[in-house]
$ cat final02.txt   # compact mmCIF, N, CA, C and O atoms
# COMPACT_ATOMS: atom_id res chain seq x y z
N MET C 1 10.76 -7.55 -22.11
CA MET C 1 10.52 -6.13 -22.17
C MET C 1 10.78 -5.49 -20.82
O MET C 1 11.68 -4.70 -20.68
N PHE C 2 10.01 -5.82 -19.83
CA PHE C 2 10.23 -5.28 -18.49
C PHE C 2 10.60 -6.43 -17.57
O PHE C 2 9.76 -7.11 -17.03
N GLY C 3 11.89 -6.64 -17.39
CA GLY C 3 12.34 -7.64 -16.45
C GLY C 3 12.35 -7.08 -15.05
O GLY C 3 12.53 -7.79 -14.08
N PHE C 4 12.14 -5.77 -14.93
CA PHE C 4 12.16 -5.05 -13.68
C PHE C 4 13.44 -5.28 -12.91
O PHE C 4 13.45 -5.58 -11.74
N GLY C 5 14.53 -5.12 -13.62
CA GLY C 5 15.83 -5.12 -12.99
C GLY C 5 16.12 -3.73 -12.45
O GLY C 5 15.28 -2.82 -12.51
N ILE C 6 17.30 -3.54 -11.94
CA ILE C 6 17.65 -2.26 -11.35
C ILE C 6 17.69 -1.15 -12.40
O ILE C 6 17.28 -0.02 -12.14
N TYR C 7 18.12 -1.49 -13.61
CA TYR C 7 18.16 -0.48 -14.66
C TYR C 7 16.76 -0.06 -15.10
O TYR C 7 16.52 1.11 -15.37
N ASP C 8 15.85 -1.01 -15.17
CA ASP C 8 14.47 -0.68 -15.51
C ASP C 8 13.86 0.24 -14.46
O ASP C 8 13.13 1.17 -14.79
N ALA C 9 14.16 -0.01 -13.20
CA ALA C 9 13.64 0.83 -12.13
C ALA C 9 14.18 2.26 -12.25
O ALA C 9 13.45 3.23 -12.07
N PHE C 10 15.47 2.39 -12.60
CA PHE C 10 16.04 3.72 -12.78
C PHE C 10 15.45 4.43 -13.99
O PHE C 10 15.21 5.64 -13.96
N ILE C 11 15.21 3.70 -15.05
CA ILE C 11 14.61 4.30 -16.25
C ILE C 11 13.19 4.78 -15.94
O ILE C 11 12.81 5.90 -16.31
N ILE C 12 12.41 3.97 -15.27
CA ILE C 12 11.03 4.36 -14.91
C ILE C 12 11.05 5.56 -13.98
O ILE C 12 10.29 6.52 -14.17
N ALA C 13 11.94 5.55 -12.98
CA ALA C 13 12.05 6.69 -12.06
C ALA C 13 12.46 7.95 -12.81
O ALA C 13 11.97 9.05 -12.52
N GLY C 14 13.35 7.80 -13.78
CA GLY C 14 13.77 8.95 -14.58
C GLY C 14 12.63 9.55 -15.38
O GLY C 14 12.46 10.77 -15.43
N PHE C 15 11.83 8.69 -16.00
CA PHE C 15 10.68 9.18 -16.76
C PHE C 15 9.64 9.83 -15.85
O PHE C 15 9.02 10.83 -16.22
N LEU C 16 9.45 9.29 -14.65
CA LEU C 16 8.53 9.91 -13.71
C LEU C 16 9.04 11.28 -13.25
O LEU C 16 8.25 12.22 -13.09
N ALA C 17 10.34 11.39 -13.05
CA ALA C 17 10.92 12.68 -12.68
C ALA C 17 10.76 13.70 -13.81
O ALA C 17 10.42 14.87 -13.57
N ILE C 18 10.99 13.26 -15.04
CA ILE C 18 10.80 14.15 -16.20
C ILE C 18 9.34 14.56 -16.31
O ILE C 18 9.03 15.73 -16.56
N GLN C 19 8.43 13.62 -16.07
CA GLN C 19 7.00 13.94 -16.13
C GLN C 19 6.63 14.99 -15.09
O GLN C 19 5.91 15.94 -15.36
N TYR C 20 7.15 14.83 -13.87
CA TYR C 20 6.86 15.81 -12.81
C TYR C 20 7.43 17.17 -13.18
O TYR C 20 6.76 18.19 -13.04
N PHE C 21 8.67 17.20 -13.67
CA PHE C 21 9.29 18.46 -14.06
C PHE C 21 8.49 19.15 -15.16
O PHE C 21 8.23 20.35 -15.08
N LEU C 22 8.11 18.42 -16.19
CA LEU C 22 7.35 19.01 -17.29
C LEU C 22 5.98 19.49 -16.83
O LEU C 22 5.44 20.47 -17.35
N SER C 23 5.41 18.81 -15.84
CA SER C 23 4.09 19.19 -15.34
C SER C 23 4.13 20.47 -14.51
O SER C 23 3.10 21.10 -14.30
N THR C 24 5.31 20.85 -14.02
CA THR C 24 5.40 22.07 -13.23
C THR C 24 5.71 23.29 -14.09
O THR C 24 5.91 24.37 -13.55
N ARG C 25 5.76 23.14 -15.39
CA ARG C 25 5.98 24.28 -16.29
C ARG C 25 4.68 25.06 -16.43
O ARG C 25 3.60 24.57 -16.13
N ASN C 26 4.77 26.29 -16.91
CA ASN C 26 3.59 27.15 -17.02
C ASN C 26 2.53 26.59 -17.96
O ASN C 26 1.35 26.69 -17.68
N SER C 27 2.94 26.02 -19.08
CA SER C 27 1.98 25.47 -20.02
C SER C 27 1.57 24.06 -19.60
O SER C 27 2.42 23.23 -19.28
N VAL C 28 0.30 23.82 -19.63
CA VAL C 28 -0.24 22.51 -19.26
C VAL C 28 0.19 21.43 -20.25
O VAL C 28 0.33 20.27 -19.89
N TYR C 29 0.43 21.83 -21.48
CA TYR C 29 0.70 20.87 -22.55
C TYR C 29 2.05 20.18 -22.43
O TYR C 29 2.24 19.11 -23.00
N TRP C 30 3.00 20.75 -21.71
CA TRP C 30 4.29 20.08 -21.52
C TRP C 30 4.12 18.74 -20.83
O TRP C 30 4.87 17.80 -21.07
N GLY C 31 3.13 18.65 -19.94
CA GLY C 31 2.89 17.40 -19.23
C GLY C 31 2.32 16.30 -20.09
O GLY C 31 2.20 15.15 -19.65
N ALA C 32 1.98 16.59 -21.33
CA ALA C 32 1.43 15.58 -22.23
C ALA C 32 2.50 14.87 -23.05
O ALA C 32 2.20 13.88 -23.72
N ILE C 33 3.74 15.32 -22.98
CA ILE C 33 4.79 14.73 -23.81
C ILE C 33 5.06 13.28 -23.45
O ILE C 33 5.06 12.40 -24.32
N ILE C 34 5.27 12.99 -22.18
CA ILE C 34 5.61 11.63 -21.76
C ILE C 34 4.43 10.67 -21.99
O ILE C 34 4.65 9.56 -22.48
N PRO C 35 3.18 11.04 -21.66
CA PRO C 35 2.07 10.11 -21.98
C PRO C 35 1.94 9.81 -23.47
O PRO C 35 1.66 8.67 -23.84
N VAL C 36 2.15 10.79 -24.32
CA VAL C 36 2.09 10.55 -25.76
C VAL C 36 3.21 9.61 -26.18
O VAL C 36 2.99 8.68 -26.98
N LEU C 37 4.41 9.81 -25.64
CA LEU C 37 5.52 8.91 -25.93
C LEU C 37 5.22 7.49 -25.45
O LEU C 37 5.57 6.51 -26.12
N LEU C 38 4.56 7.36 -24.30
CA LEU C 38 4.20 6.04 -23.78
C LEU C 38 3.24 5.33 -24.73
O LEU C 38 3.42 4.15 -25.03
N VAL C 39 2.24 6.05 -25.21
CA VAL C 39 1.28 5.45 -26.14
C VAL C 39 1.98 5.01 -27.42
O VAL C 39 1.76 3.89 -27.90
N PHE C 40 2.82 5.88 -27.99
CA PHE C 40 3.54 5.51 -29.21
C PHE C 40 4.44 4.31 -28.98
O PHE C 40 4.49 3.39 -29.80
N TRP C 41 5.19 4.31 -27.87
CA TRP C 41 6.13 3.22 -27.59
C TRP C 41 5.38 1.89 -27.39
O TRP C 41 5.79 0.86 -27.92
N LEU C 42 4.30 1.92 -26.62
CA LEU C 42 3.54 0.68 -26.40
C LEU C 42 2.88 0.19 -27.68
O LEU C 42 2.86 -1.02 -27.94
N THR C 43 2.35 1.10 -28.47
CA THR C 43 1.72 0.70 -29.72
C THR C 43 2.77 0.11 -30.67
O THR C 43 2.51 -0.91 -31.32
N TRP C 44 3.94 0.71 -30.72
CA TRP C 44 5.01 0.17 -31.55
C TRP C 44 5.43 -1.21 -31.04
O TRP C 44 5.66 -2.12 -31.83
N SER C 45 5.53 -1.36 -29.72
CA SER C 45 5.91 -2.66 -29.15
C SER C 45 4.87 -3.73 -29.47
O SER C 45 5.22 -4.88 -29.72
N LEU C 46 3.61 -3.36 -29.47
CA LEU C 46 2.55 -4.31 -29.83
C LEU C 46 2.65 -4.65 -31.32
O LEU C 46 2.52 -5.82 -31.70
N TYR C 47 2.91 -3.66 -32.13
CA TYR C 47 2.99 -3.86 -33.58
C TYR C 47 4.14 -4.78 -33.98
O TYR C 47 3.98 -5.65 -34.84
N ILE C 48 5.30 -4.61 -33.36
CA ILE C 48 6.46 -5.42 -33.74
C ILE C 48 6.52 -6.75 -32.99
O ILE C 48 7.38 -7.57 -33.26
N GLY C 49 5.62 -6.96 -32.05
CA GLY C 49 5.53 -8.25 -31.39
C GLY C 49 6.23 -8.36 -30.06
O GLY C 49 6.35 -9.46 -29.52
N ARG C 50 6.73 -7.27 -29.50
CA ARG C 50 7.36 -7.34 -28.18
C ARG C 50 6.32 -7.58 -27.09
O ARG C 50 6.61 -8.17 -26.06
N ILE C 51 5.12 -7.06 -27.31
CA ILE C 51 3.99 -7.34 -26.42
C ILE C 51 3.09 -8.31 -27.18
O ILE C 51 2.61 -8.00 -28.27
N GLU C 52 2.86 -9.48 -26.59
CA GLU C 52 2.16 -10.52 -27.34
C GLU C 52 0.65 -10.45 -27.29
O GLU C 52 -0.03 -10.93 -28.17
N SER C 53 0.09 -9.85 -26.24
CA SER C 53 -1.37 -9.83 -26.16
C SER C 53 -1.88 -8.40 -26.02
O SER C 53 -1.21 -7.53 -25.46
N VAL C 54 -3.07 -8.22 -26.52
CA VAL C 54 -3.72 -6.92 -26.43
C VAL C 54 -4.08 -6.62 -24.97
O VAL C 54 -4.05 -5.46 -24.55
N LEU C 55 -4.37 -7.65 -24.20
CA LEU C 55 -4.68 -7.45 -22.78
C LEU C 55 -3.47 -6.89 -22.04
O LEU C 55 -3.61 -5.95 -21.24
N ALA C 56 -2.29 -7.42 -22.29
CA ALA C 56 -1.07 -6.90 -21.66
C ALA C 56 -0.85 -5.45 -22.08
O ALA C 56 -0.49 -4.60 -21.26
N TYR C 57 -1.06 -5.17 -23.36
CA TYR C 57 -0.94 -3.80 -23.88
C TYR C 57 -1.89 -2.86 -23.13
O TYR C 57 -1.48 -1.80 -22.66
N ALA C 58 -3.14 -3.27 -23.00
CA ALA C 58 -4.14 -2.43 -22.35
C ALA C 58 -3.82 -2.22 -20.88
O ALA C 58 -3.96 -1.10 -20.36
N LEU C 59 -3.38 -3.26 -20.19
CA LEU C 59 -3.06 -3.13 -18.76
C LEU C 59 -1.85 -2.23 -18.53
O LEU C 59 -1.87 -1.37 -17.64
N ILE C 60 -0.81 -2.43 -19.31
CA ILE C 60 0.38 -1.59 -19.17
C ILE C 60 0.04 -0.14 -19.49
O ILE C 60 0.45 0.79 -18.78
N LEU C 61 -0.75 0.07 -20.53
CA LEU C 61 -1.15 1.41 -20.91
C LEU C 61 -2.01 2.06 -19.83
O LEU C 61 -1.78 3.21 -19.46
N LEU C 62 -2.95 1.32 -19.29
CA LEU C 62 -3.82 1.86 -18.25
C LEU C 62 -3.04 2.23 -17.00
O LEU C 62 -3.18 3.35 -16.48
N VAL C 63 -2.21 1.34 -16.53
CA VAL C 63 -1.43 1.61 -15.32
C VAL C 63 -0.46 2.76 -15.57
O VAL C 63 -0.31 3.66 -14.73
N GLY C 64 0.19 2.76 -16.72
CA GLY C 64 1.13 3.83 -17.05
C GLY C 64 0.45 5.19 -17.11
O GLY C 64 0.97 6.18 -16.59
N MET C 65 -0.70 5.24 -17.74
CA MET C 65 -1.42 6.51 -17.85
C MET C 65 -1.92 7.00 -16.49
O MET C 65 -1.90 8.20 -16.21
N ILE C 66 -2.34 6.08 -15.64
CA ILE C 66 -2.79 6.48 -14.30
C ILE C 66 -1.63 7.07 -13.51
O ILE C 66 -1.76 8.12 -12.88
N VAL C 67 -0.48 6.41 -13.54
CA VAL C 67 0.68 6.90 -12.81
C VAL C 67 1.14 8.25 -13.37
O VAL C 67 1.44 9.18 -12.61
N LEU C 68 1.18 8.38 -14.68
CA LEU C 68 1.59 9.65 -15.29
C LEU C 68 0.58 10.76 -15.01
O LEU C 68 0.97 11.91 -14.79
N ALA C 69 -0.70 10.44 -14.96
CA ALA C 69 -1.71 11.43 -14.63
C ALA C 69 -1.57 11.88 -13.17
O ALA C 69 -1.76 13.08 -12.86
N MET C 70 -1.22 10.96 -12.29
CA MET C 70 -1.00 11.34 -10.89
C MET C 70 0.21 12.26 -10.78
O MET C 70 0.17 13.26 -10.03
N GLU C 71 1.28 11.98 -11.51
CA GLU C 71 2.45 12.85 -11.51
C GLU C 71 2.10 14.22 -12.10
O GLU C 71 2.56 15.25 -11.60
N TRP C 72 1.30 14.24 -13.14
CA TRP C 72 0.88 15.50 -13.75
C TRP C 72 0.08 16.33 -12.75
O TRP C 72 0.32 17.52 -12.60
N HIS C 73 -0.83 15.68 -12.04
CA HIS C 73 -1.64 16.39 -11.06
C HIS C 73 -0.78 16.96 -9.94
O HIS C 73 -0.96 18.11 -9.53
N GLU C 74 0.16 16.16 -9.44
CA GLU C 74 1.05 16.64 -8.38
C GLU C 74 1.90 17.82 -8.86
O GLU C 74 2.13 18.77 -8.10
N GLY C 75 2.35 17.78 -10.09
CA GLY C 75 3.11 18.89 -10.64
C GLY C 75 2.28 20.16 -10.76
O GLY C 75 2.77 21.26 -10.47
N ARG C 76 1.04 20.02 -11.19
CA ARG C 76 0.17 21.19 -11.29
C ARG C 76 -0.14 21.78 -9.92
O ARG C 76 -0.21 23.00 -9.76
N VAL C 77 -0.33 20.92 -8.91
CA VAL C 77 -0.58 21.40 -7.55
C VAL C 77 0.65 22.14 -7.03
O VAL C 77 0.54 23.21 -6.41
N ALA C 78 1.84 21.60 -7.28
CA ALA C 78 3.08 22.26 -6.85
C ALA C 78 3.23 23.62 -7.52
O ALA C 78 3.64 24.59 -6.88
N LEU C 79 2.92 23.71 -8.80
CA LEU C 79 2.99 24.98 -9.52
C LEU C 79 2.01 25.98 -8.93
O LEU C 79 2.35 27.15 -8.73
N SER C 80 0.81 25.54 -8.64
CA SER C 80 -0.20 26.42 -8.05
C SER C 80 0.25 26.93 -6.68
O SER C 80 0.10 28.12 -6.38
N LYS C 81 0.81 26.06 -5.87
CA LYS C 81 1.31 26.48 -4.55
C LYS C 81 2.44 27.47 -4.69
O LYS C 81 2.52 28.46 -3.95
N ARG C 82 3.34 27.23 -5.64
CA ARG C 82 4.46 28.14 -5.86
C ARG C 82 3.97 29.51 -6.31
O ARG C 82 4.46 30.55 -5.86
N ARG C 83 2.97 29.53 -7.20
CA ARG C 83 2.41 30.81 -7.66
C ARG C 83 1.74 31.56 -6.51
O ARG C 83 1.90 32.77 -6.38
N ASN C 84 0.96 30.83 -5.70
CA ASN C 84 0.29 31.47 -4.58
C ASN C 84 1.29 32.03 -3.57
O ASN C 84 1.07 33.09 -2.99
N LYS C 85 2.38 31.32 -3.35
CA LYS C 85 3.41 31.79 -2.44
C LYS C 85 4.04 33.08 -2.96
O LYS C 85 4.28 34.02 -2.19
N GLU C 86 4.30 33.14 -4.26
CA GLU C 86 4.84 34.35 -4.86
C GLU C 86 3.86 35.51 -4.76
O GLU C 86 4.25 36.64 -4.49
N LEU C 87 2.57 35.23 -4.98
CA LEU C 87 1.57 36.29 -4.85
C LEU C 87 1.48 36.81 -3.42
O LEU C 87 1.34 38.02 -3.20
N ASP C 88 1.57 35.90 -2.46
CA ASP C 88 1.56 36.33 -1.06
C ASP C 88 2.77 37.21 -0.74
O ASP C 88 2.65 38.20 0.00
N LYS C 89 3.93 36.88 -1.27
CA LYS C 89 5.12 37.70 -1.07
C LYS C 89 4.92 39.08 -1.67
O LYS C 89 5.27 40.09 -1.07
N MET C 90 4.35 39.11 -2.89
CA MET C 90 4.12 40.40 -3.55
C MET C 90 3.12 41.24 -2.77
O MET C 90 3.30 42.45 -2.62
N LYS C 91 2.07 40.62 -2.25
CA LYS C 91 1.07 41.35 -1.46
C LYS C 91 1.67 41.89 -0.18
O LYS C 91 1.36 42.99 0.24
N SER C 92 2.52 41.10 0.47
CA SER C 92 3.13 41.56 1.71
C SER C 92 4.09 42.72 1.45
O SER C 92 4.24 43.61 2.28
N GLN C 93 4.74 42.73 0.28
CA GLN C 93 5.63 43.85 -0.06
C GLN C 93 4.82 45.12 -0.34
O GLN C 93 5.26 46.21 -0.04
N ASP C 94 3.63 44.99 -0.92
CA ASP C 94 2.80 46.14 -1.23
C ASP C 94 2.21 46.76 0.03
O ASP C 94 2.01 47.97 0.08
N ILE C 95 1.94 45.95 1.04
CA ILE C 95 1.34 46.46 2.27
C ILE C 95 2.32 47.33 3.02
O ILE C 95 1.96 48.37 3.59
N GLN C 96 3.57 46.99 3.03
CA GLN C 96 4.57 47.74 3.80
C GLN C 96 4.92 48.99 3.13
O GLN C 96 4.88 49.84 2.65

$ encode --input "final02.txt" --output "structure tokens"
Amino acid sequence: MFGFGIYDAFIIAGFLAIQYFLSTRNSVYWGAIIPVLLVFWLTWSLYIGRIESVLAYALILLVGMIVLAMEWHEGRVALSKRRNKELDKMKSQDIQ
């Protein structure tokens, strides 16, 4: 499943980039797409036998959700900073 070759690293990095991008959108719910896909994919992998133990399933799910939650938080912080910067620009234009 995860041999952690160069292609796997690029795929994981791509999903993390998508997660960050979706987390910086105005709606909070966009950031939930990738975690939901992760849960479905891991559950399907467990069901069809690609993941042999429930412990491996739980560990991969836990680590994946923690990393995705950290990306979601960073995206929300970036959105908040961007909004505050725009508000500061608007306030400075009103003062002059």

$ closest_residue --input "final02.txt" --among "C:Arg76, C:Lys85, C:Leu61, C:Met90" --to "Arg25 of chain C" --atoms "only N, CA, C and O atoms"
C:Arg76

$ select_by_dssp --input "final02.txt" --residues "chain C" --states "helix (DSSP H, G or I)" --output "VMD selection string"
chain C and resid 6 to 23 28 to 48 54 to 95

$ residues_around --input "final02.txt" --residues "Leu42 of chain C" --least-positions-apart "5" --cutoff "12 Å" --atoms "only C-alpha atoms" --output "list in words"
Met1, Phe2, Pro35, Val36, Leu37, Tyr47, Ile48, Gly49, Arg50, Ile51, Glu52, Ser53, Val54, Ala56, Tyr57, Ala58, Leu59, Ile60, Leu61, Leu62, Gly64 and Met65 of chain C

$ atom_distance --input "final02.txt" --atom1 "atom CA of Ile66 of chain C" --atom2 "atom O of Asn84 of chain C"
29.2 Å

$ atom_distance --input "final02.txt" --atom1 "atom N of Gly31 of chain C" --atom2 "atom O of Gln19 of chain C"
6.0 Å

$ closest_residue --input "final02.txt" --among "C:Asp88, C:Glu74, C:Asp8, C:Asp94" --to "Phe21 of chain C" --atoms "only C-alpha atoms"
C:Glu74

$ atom_distance --input "final02.txt" --atom1 "atom CA of Trp72 of chain C" --atom2 "atom CA of Tyr20 of chain C"
6.1 Å

$ closest_residue --input "final02.txt" --among "C:Glu71, C:Glu86, C:Val39, C:Leu46" --to "Phe15 of chain C" --atoms "only C-alpha atoms"
C:Glu71

$ closest_residue --input "final02.txt" --among "C:Val63, C:Leu55, C:Ile18, C:Phe10" --to "Ala32 of chain C" --atoms "only C-alpha atoms"
C:Ile18

$ closest_residue --input "final02.txt" --among "C:Ala17, C:Ile33, C:Thr24, C:Ile6" --to "Ser80 of chain C" --atoms "only N, CA, C and O atoms"
C:Thr24

$ build_atoms --input "final02.txt" --residues "segment 76-87 of chain C" --atoms "all heavy atoms" --output "JSON list (two decimals), keeping the file's coordinate frame"
[["chain", "number", "residue", "atom", "x", "y", "z"],
["C", 76, "ARG", "N", 1.04, 20.02, -11.19],
["C", 76, "ARG", "CA", 0.17, 21.19, -11.29],
["C", 76, "ARG", "C", -0.14, 21.78, -9.92],
["C", 76, "ARG", "O", -0.21, 23.00, -9.76],
["C", 76, "ARG", "CB", -1.14, 20.84, -12.01],
["C", 76, "ARG", "CG", -0.98, 20.33, -13.43],
["C", 76, "ARG", "CD", -0.06, 21.16, -14.30],
["C", 76, "ARG", "NE", -0.56, 22.48, -14.58],
["C", 76, "ARG", "CZ", 0.14, 23.43, -15.19],
["C", 76, "ARG", "NH1", 1.36, 23.19, -15.60],
["C", 76, "ARG", "NH2", -0.36, 24.61, -15.39],
["C", 77, "VAL", "N", -0.33, 20.92, -8.91],
["C", 77, "VAL", "CA", -0.58, 21.40, -7.55],
["C", 77, "VAL", "C", 0.65, 22.14, -7.03],
["C", 77, "VAL", "O", 0.54, 23.21, -6.41],
["C", 77, "VAL", "CB", -0.95, 20.22, -6.62],
["C", 77, "VAL", "CG1", -0.92, 20.62, -5.16],
["C", 77, "VAL", "CG2", -2.34, 19.69, -6.99],
["C", 78, "ALA", "N", 1.84, 21.60, -7.28],
["C", 78, "ALA", "CA", 3.08, 22.26, -6.85],
["C", 78, "ALA", "C", 3.23, 23.62, -7.52],
["C", 78, "ALA", "O", 3.64, 24.59, -6.88],
["C", 78, "ALA", "CB", 4.28, 21.37, -7.14],
["C", 79, "LEU", "N", 2.92, 23.71, -8.80],
["C", 79, "LEU", "CA", 2.99, 24.98, -9.52],
["C", 79, "LEU", "C", 2.01, 25.98, -8.93],
["C", 79, "LEU", "O", 2.35, 27.15, -8.73],
["C", 79, "LEU", "CB", 2.71, 24.78, -11.01],
["C", 79, "LEU", "CG", 2.67, 26.04, -11.86],
["C", 79, "LEU", "CD1", 4.06, 26.70, -11.88],
["C", 79, "LEU", "CD2", 2.20, 25.73, -13.27],
["C", 80, "SER", "N", 0.81, 25.54, -8.64],
["C", 80, "SER", "CA", -0.20, 26.42, -8.05],
["C", 80, "SER", "C", 0.25, 26.93, -6.68],
["C", 80, "SER", "O", 0.10, 28.12, -6.38],
["C", 80, "SER", "CB", -1.53, 25.67, -7.92],
["C", 80, "SER", "OG", -2.49, 26.47, -7.30],
["C", 81, "LYS", "N", 0.81, 26.06, -5.87],
["C", 81, "LYS", "CA", 1.31, 26.48, -4.55],
["C", 81, "LYS", "C", 2.44, 27.47, -4.69],
["C", 81, "LYS", "O", 2.52, 28.46, -3.95],
["C", 81, "LYS", "CB", 1.77, 25.27, -3.75],
["C", 81, "LYS", "CG", 0.64, 24.44, -3.20],
["C", 81, "LYS", "CD", 1.17, 23.26, -2.40],
["C", 81, "LYS", "CE", 0.03, 22.40, -1.90],
["C", 81, "LYS", "NZ", 0.51, 21.23, -1.16],
["C", 82, "ARG", "N", 3.34, 27.23, -5.64],
["C", 82, "ARG", "CA", 4.46, 28.14, -5.86],
["C", 82, "ARG", "C", 3.97, 29.51, -6.31],
["C", 82, "ARG", "O", 4.46, 30.55, -5.86],
["C", 82, "ARG", "CB", 5.41, 27.54, -6.88],
["C", 82, "ARG", "CG", 6.72, 28.29, -6.99],
["C", 82, "ARG", "CD", 7.72, 27.58, -7.88],
["C", 82, "ARG", "NE", 7.25, 27.59, -9.26],
["C", 82, "ARG", "CZ", 7.42, 26.60, -10.10],
["C", 82, "ARG", "NH1", 8.03, 25.50, -9.74],
["C", 82, "ARG", "NH2", 6.96, 26.68, -11.34],
["C", 83, "ARG", "N", 2.97, 29.53, -7.20],
["C", 83, "ARG", "CA", 2.41, 30.81, -7.66],
["C", 83, "ARG", "C", 1.74, 31.56, -6.51],
["C", 83, "ARG", "O", 1.90, 32.77, -6.38],
["C", 83, "ARG", "CB", 1.40, 30.56, -8.77],
["C", 83, "ARG", "CG", 2.01, 30.25, -10.09],
["C", 83, "ARG", "CD", 0.94, 30.05, -11.12],
["C", 83, "ARG", "NE", 1.50, 29.78, -12.44],
["C", 83, "ARG", "CZ", 0.81, 29.33, -13.45],
["C", 83, "ARG", "NH1", -0.49, 29.10, -13.32],
["C", 83, "ARG", "NH2", 1.40, 29.12, -14.61],
["C", 84, "ASN", "N", 0.96, 30.83, -5.70],
["C", 84, "ASN", "CA", 0.29, 31.47, -4.58],
["C", 84, "ASN", "C", 1.29, 32.03, -3.57],
["C", 84, "ASN", "O", 1.07, 33.09, -2.99],
["C", 84, "ASN", "CB", -0.67, 30.50, -3.90],
["C", 84, "ASN", "CG", -1.91, 30.25, -4.74],
["C", 84, "ASN", "OD1", -2.28, 31.07, -5.57],
["C", 84, "ASN", "ND2", -2.54, 29.10, -4.54],
["C", 85, "LYS", "N", 2.38, 31.32, -3.35],
["C", 85, "LYS", "CA", 3.41, 31.79, -2.44],
["C", 85, "LYS", "C", 4.04, 33.08, -2.96],
["C", 85, "LYS", "O", 4.28, 34.02, -2.19],
["C", 85, "LYS", "CB", 4.47, 30.70, -2.27],
["C", 85, "LYS", "CG", 5.46, 30.97, -1.19],
["C", 85, "LYS", "CD", 6.40, 29.77, -1.04],
["C", 85, "LYS", "CE", 7.44, 30.02, 0.02],
["C", 85, "LYS", "NZ", 8.35, 28.89, 0.16],
["C", 86, "GLU", "N", 4.30, 33.14, -4.26],
["C", 86, "GLU", "CA", 4.84, 34.35, -4.86],
["C", 86, "GLU", "C", 3.86, 35.51, -4.76],
["C", 86, "GLU", "O", 4.25, 36.64, -4.49],
["C", 86, "GLU", "CB", 5.22, 34.11, -6.33],
["C", 86, "GLU", "CG", 6.47, 33.32, -6.51],
["C", 86, "GLU", "CD", 7.69, 34.06, -6.03],
["C", 86, "GLU", "OE1", 7.80, 35.29, -6.24],
["C", 86, "GLU", "OE2", 8.56, 33.41, -5.43],
["C", 87, "LEU", "N", 2.57, 35.23, -4.98],
["C", 87, "LEU", "CA", 1.57, 36.29, -4.85],
["C", 87, "LEU", "C", 1.48, 36.81, -3.42],
["C", 87, "LEU", "O", 1.34, 38.02, -3.20],
["C", 87, "LEU", "CB", 0.20, 35.77, -5.30],
["C", 87, "LEU", "CG", 0.00, 35.65, -6.81],
["C", 87, "LEU", "CD1", -1.34, 34.99, -7.11],
["C", 87, "LEU", "CD2", 0.05, 37.02, -7.45]]
